[in-house]
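Participant: I'd like to ask you about the structure that follows.
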Amino acid sequence: MSDKTLTRMDLAEAVHEEVGLSRNDSAQLVESVLSHVSDALVRGETVKISSFGTFSVREKAARIGRNPKTGEEVPIHPRRVLTFRPSHLMKDKVAAGNKG
Amino acid sequence: MIRSELIQKIADENPHLFHRDVERIVNTVFDRITMAMANGDRVELRGFGAFSVKKRDARTGRNPRTGESVHVEEKHVPFFKTGKLLRDRLNDK
């Protein structure tokens with residue numbers, strides 16, 4: 001494991017190399033991909049990217065939580081959470097790449 | 001929304017690009033995220049979320065049909081944590 005962290009800049013650099021657009025345009029397009037995915041999720045849509053994975057929005061019911069430090073009860077409001085389910089292909093690649 | 005719809009939306013906004021280039025852009029973004037995780041790297045996309053690799057320890061599993069014990073090797077699985085901005089947007093904050 002190399003313990004590197006990729007950022008938007010690395011993705012933009014990859015688009016620049018693969019497609020030959022300027023770094024600036026590449027960065028904007030990476031941003032555009034992320035915002036379209038985000039916007040669809042905010043609208044409550046499921047986003048399914050074949051061979052990558054599925055992002056879906058789940059509704060969580062209200063419940064009584066507890067502050068673990070003080071033991072005090074606090075209400076947790078109903079909320080929407082995002083879950084990501086990796087595709088089999090991604091799971092296989094990640095498992096194979098990190099073996100041993 | 002599926003991959004082809006995402007490509008179409010971006011193509012509509014960028015009429016100066018060839019459709020096949022938009023496909024390559026979208027594919028590059030997702031392929032690089034997968035490649036990074038296959039390398040054991042993290043991918044941090046502020047506001048959106050972070051992809052990382054989690055280690056699952058070896059364990060003794062059970063075949064649910066036969067009840068037989070089976071050894072399950074240690075393995076690494078992809079993990080996604082939603083970014084703060086997106087989490088807030090999902091809850092109209």
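Letters for chains follow the order of the structure tokens (A, B, ...), residue numbers begin at 1 for each chain, and ligand numbers begin at 1 in the order shown.
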Please produce, as CSV, a per-residue contact table for chain B versus chain A (criterion: any atom at most 9 Å away, only C-alpha atoms considered), showing the nearest atom pair and its distance in Å to one decimal, sorted by chain then residue number.
Facilitator:
```
residue,atom,partner,partner_atom,distance
B:Met1,CA,A:Val47,CA,4.7
B:Ile2,CA,A:Lys48,CA,4.7
B:Arg3,CA,A:Ile49,CA,4.9
B:Ser4,CA,A:Ile49,CA,8.6
B:Leu6,CA,A:His36,CA,7.0
B:Ile7,CA,A:Val33,CA,8.5
B:Lys9,CA,A:His36,CA,8.0
B:Ile10,CA,A:Ser32,CA,7.2
B:Asp21,CA,A:Val19,CA,6.5
B:Val22,CA,A:Val19,CA,8.9
B:Arg24,CA,A:Val19,CA,6.9
B:Ile25,CA,A:Val15,CA,5.8
B:Val26,CA,A:Val33,CA,6.8
B:Thr28,CA,A:Val15,CA,6.3
B:Val29,CA,A:Leu11,CA,6.0
B:Phe30,CA,A:Phe52,CA,6.7
B:Asp31,CA,A:Phe52,CA,7.8
B:Arg32,CA,A:Leu11,CA,7.0
B:Ile33,CA,A:Leu6,CA,8.1
B:Thr34,CA,A:Met90,CA,6.3
B:Met35,CA,A:Lys93,CA,8.0
B:Ala36,CA,A:Leu6,CA,7.3
B:Met37,CA,A:Val94,CA,5.9
B:Ala38,CA,A:Val94,CA,4.1
B:Asn39,CA,A:Gly97,CA,5.8
B:Gly40,CA,A:Met1,CA,4.8
B:Asp41,CA,A:Lys4,CA,5.0
B:Arg42,CA,A:Thr5,CA,4.7
B:Val43,CA,A:Leu6,CA,4.5
B:Glu44,CA,A:Thr7,CA,5.3
B:Leu45,CA,A:Thr7,CA,5.8
B:Arg46,CA,A:Thr7,CA,8.2
B:Phe48,CA,A:Leu34,CA,7.1
B:Val53,CA,A:Val94,CA,7.6
B:Glu74,CA,A:Lys99,CA,8.6
B:Lys75,CA,A:Ala95,CA,6.0
B:His76,CA,A:Ala95,CA,5.0
B:Val77,CA,A:Lys91,CA,6.1
B:Pro78,CA,A:Lys91,CA,6.4
B:Phe79,CA,A:Phe84,CA,7.7
B:Phe80,CA,A:Phe84,CA,6.1
B:Lys81,CA,A:Thr83,CA,8.2
B:Thr82,CA,A:Leu82,CA,6.6
B:Leu86,CA,A:Ser38,CA,6.8
B:Arg87,CA,A:Val81,CA,6.9
B:Arg89,CA,A:Val42,CA,6.5
B:Leu90,CA,A:Val42,CA,5.1
B:Asn91,CA,A:Arg80,CA,6.1
B:Asp92,CA,A:Val42,CA,8.5
```
Participant: Per DSSP on the backbone, filter chain A down to the residues in alpha helix (DSSP H) and report them as a ChimeraX atom specification.
Facilitator: /A:8-19,23-42,88-97
Participant: Can you check which residues of stretch 43-77 of chain B DSSP gives as strand (DSSP E) on the backbone and send them as a PyMOL selection string?
Facilitator: chain B and resi 43-45+49-56+59-62+69-72+75-77
Participant: Would you work out the distance separating atom CA of A:Ala62 from atom CA of A:His77, expressed in Å to one decimal?
Facilitator: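 Spanning atom CA of A:Ala62 to atom CA of A:His77 is a straight-line distance of 4.7 Å.
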Participant: If we count only C-alpha atoms, what is near B:Arg59 at a cut-off of 10 Å, once residues fewer than 2 positions away on the same chain are taken out, given as a ChimeraX atom specification?
Facilitator: /B:56-57,61-62,70-74
